[in-house]
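> Below is one structure. I have some questions about it.
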Amino acid sequence: MVRFPGVVLCVIVAVLAPSLVSAQLQQTQRYEKEFKYSEGVFSIIPLGEDGILLIRDRDKFDGGKKIWEAIHLDTDLKEKKTISLAMEPRNRLIGYEKSPGQVLLLYRQGDTEKNNIELVEVNLSGDEHPRHVVKPELAMSFTHFTRVGNSAILGGYVNKEPRKIFKR
């Protein structure tokens, strides 16, 4: 007589295990927002315990400035606040840095590496959003951006600068 207790046990576990395993059977929360095809897509900035910040450029202008929309969602995906930022039309978002209750957004004007940089402090609890303009003296491609206390540190490499060529 041949006995297969291991095989029988494996078959029983394989049949019963799927019914015992718990998984997310239904979606608990969902956030939906209608947008026009001409409007920009959202960039998602995770804020940890503060939730999520959705940011995009809209196809709207006010006084020659392009309107950017930032939507703050809490951890339950409930909309807490919508912030409108009026930016220069050629500005594009190139980075962000988060801290509790605040997000620092880094914008650059156009694609040229020597154009101005604008830092926008987005306060998640208040309505004030201070701005700081940085005028680089060198053409610089940014690869690092971080915040230390009240200072922002930008790092990268210098490229496309003229060099002296000596001929003999």
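Scheme for the structure tokens: letters A, B, ... for chains in order shown; per-chain residue numbers from 1; ligand numbers from 1 in order shown.
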Please produce, as a Markdown table, a per-residue contact table for range 72-99 of chain A versus range 128-139 of chain A (criterion: any atom at most 12 Å away, only C-alpha atoms considered), showing the nearest atom pair and its distance in Å to one decimal, sorted by chain then residue number.

```
| residue | atom | partner | partner_atom | distance |
| --- | --- | --- | --- | --- |
| A:Ile83 | CA | A:His129 | CA | 9.5 |
| A:Ser84 | CA | A:His129 | CA | 10.1 |
| A:Leu85 | CA | A:His129 | CA | 8.5 |
| A:Ala86 | CA | A:His129 | CA | 10.8 |
| A:Met87 | CA | A:Arg131 | CA | 10.3 |
| A:Glu88 | CA | A:Val133 | CA | 11.6 |
| A:Asn91 | CA | A:Val133 | CA | 11.9 |
```
> Leaving out Leu47 in chain A and any residue of its chain fewer than 2 positions from it, which residues lie within 8 Å of it when counting only C-alpha atoms, given as a list in words?
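Answer for this query is Ile45, Glu49, Asp50, Gly51, Ile52, Leu53, Lys98, Ser99 and Pro100 of chain A.
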> In Å, how far is it from CA of Leu73 in chain A to CA of Tyr31 in chain A?
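Answer for the CA of Leu73 in chain A to CA of Tyr31 in chain A separation: 8.8 Å.
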> So that I can see what lies close to range 38-42 of chain A, please list as a list of chain:residue names the residues with an atom at most 7 Å from it, counting only C-alpha atoms and leaving out residues fewer than 6 positions away in the same chain.
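The contact residues come out as A:Leu54, A:Ile55, A:Arg56, A:Asp57, A:Arg58, A:Asp59.
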> Counting only C-alpha atoms, which of A:Ile94, A:Val7, A:Leu77, A:Ile117 gets nearest to Glu32 in chain A?
A:Leu77
> Can you tell me how far CA of Phe61 in chain A sits from CA of Leu105 in chain A, in Å to one decimal?
19.6 Å
> So how far away is CA of Tyr157 in chain A from CA of Trp68 in chain A, in Å?
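Separation between CA of Trp68 in chain A and CA of Tyr157 in chain A: 28.5 Å.
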> Considering only C-alpha atoms, return as a CSV table (one decimal) with N, CA, C and O atoms, in the first residue's frame whatever protein or nucleic-acid residues lie within 9 Å of Gly110 in chain A, sequence-local ones (same chain, fewer than 4 positions apart) excluded.

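The file below, out37.csv, is the result:
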```
chain,number,residue,atom,x,y,z
A,89,PRO,N,5.1,82.4,-17.9
A,89,PRO,CA,4.6,81.4,-18.9
A,89,PRO,C,5.6,80.3,-19.3
A,89,PRO,O,5.2,79.2,-19.6
A,90,ARG,N,6.9,80.6,-19.3
A,90,ARG,CA,7.9,79.6,-19.8
A,90,ARG,C,8.4,78.8,-18.6
A,90,ARG,O,9.2,77.9,-18.8
A,91,ASN,N,7.9,79.0,-17.4
A,91,ASN,CA,8.4,78.2,-16.3
A,91,ASN,C,7.9,76.8,-16.4
A,91,ASN,O,6.8,76.5,-16.7
A,92,ARG,N,8.9,75.9,-16.0
A,92,ARG,CA,8.5,74.5,-15.9
A,92,ARG,C,9.0,73.9,-14.6
A,92,ARG,O,10.1,74.3,-14.1
A,115,ASN,N,19.0,80.3,-17.5
A,115,ASN,CA,17.8,81.1,-17.2
A,115,ASN,C,17.5,81.1,-15.7
A,115,ASN,O,18.0,80.3,-15.0
A,116,ASN,N,16.7,82.0,-15.3
A,116,ASN,CA,16.4,82.2,-13.9
A,116,ASN,C,15.7,81.0,-13.3
A,116,ASN,O,15.0,80.2,-14.0
```
> Hey, what does DSSP flag as alpha helix (DSSP H) within chain A? Can you give it to me as JSON, numbers by chain?
{"A": [5, 6, 7, 8, 9, 10, 11, 12, 13, 14, 15, 16, 17, 18, 19, 20]}
> Assign secondary structure with DSSP using the backbone only, and return the residues of range 82-146 of chain A in strand (DSSP E or B) as JSON, numbers by chain.
{"A": [82, 83, 84, 85, 86, 87, 91, 92, 93, 94, 95, 96, 97, 98, 99, 102, 103, 104, 105, 106, 107, 108, 109, 117, 118, 119, 120, 121, 122, 123, 131, 132, 133, 134, 140, 141, 142, 143, 144, 145, 146]}
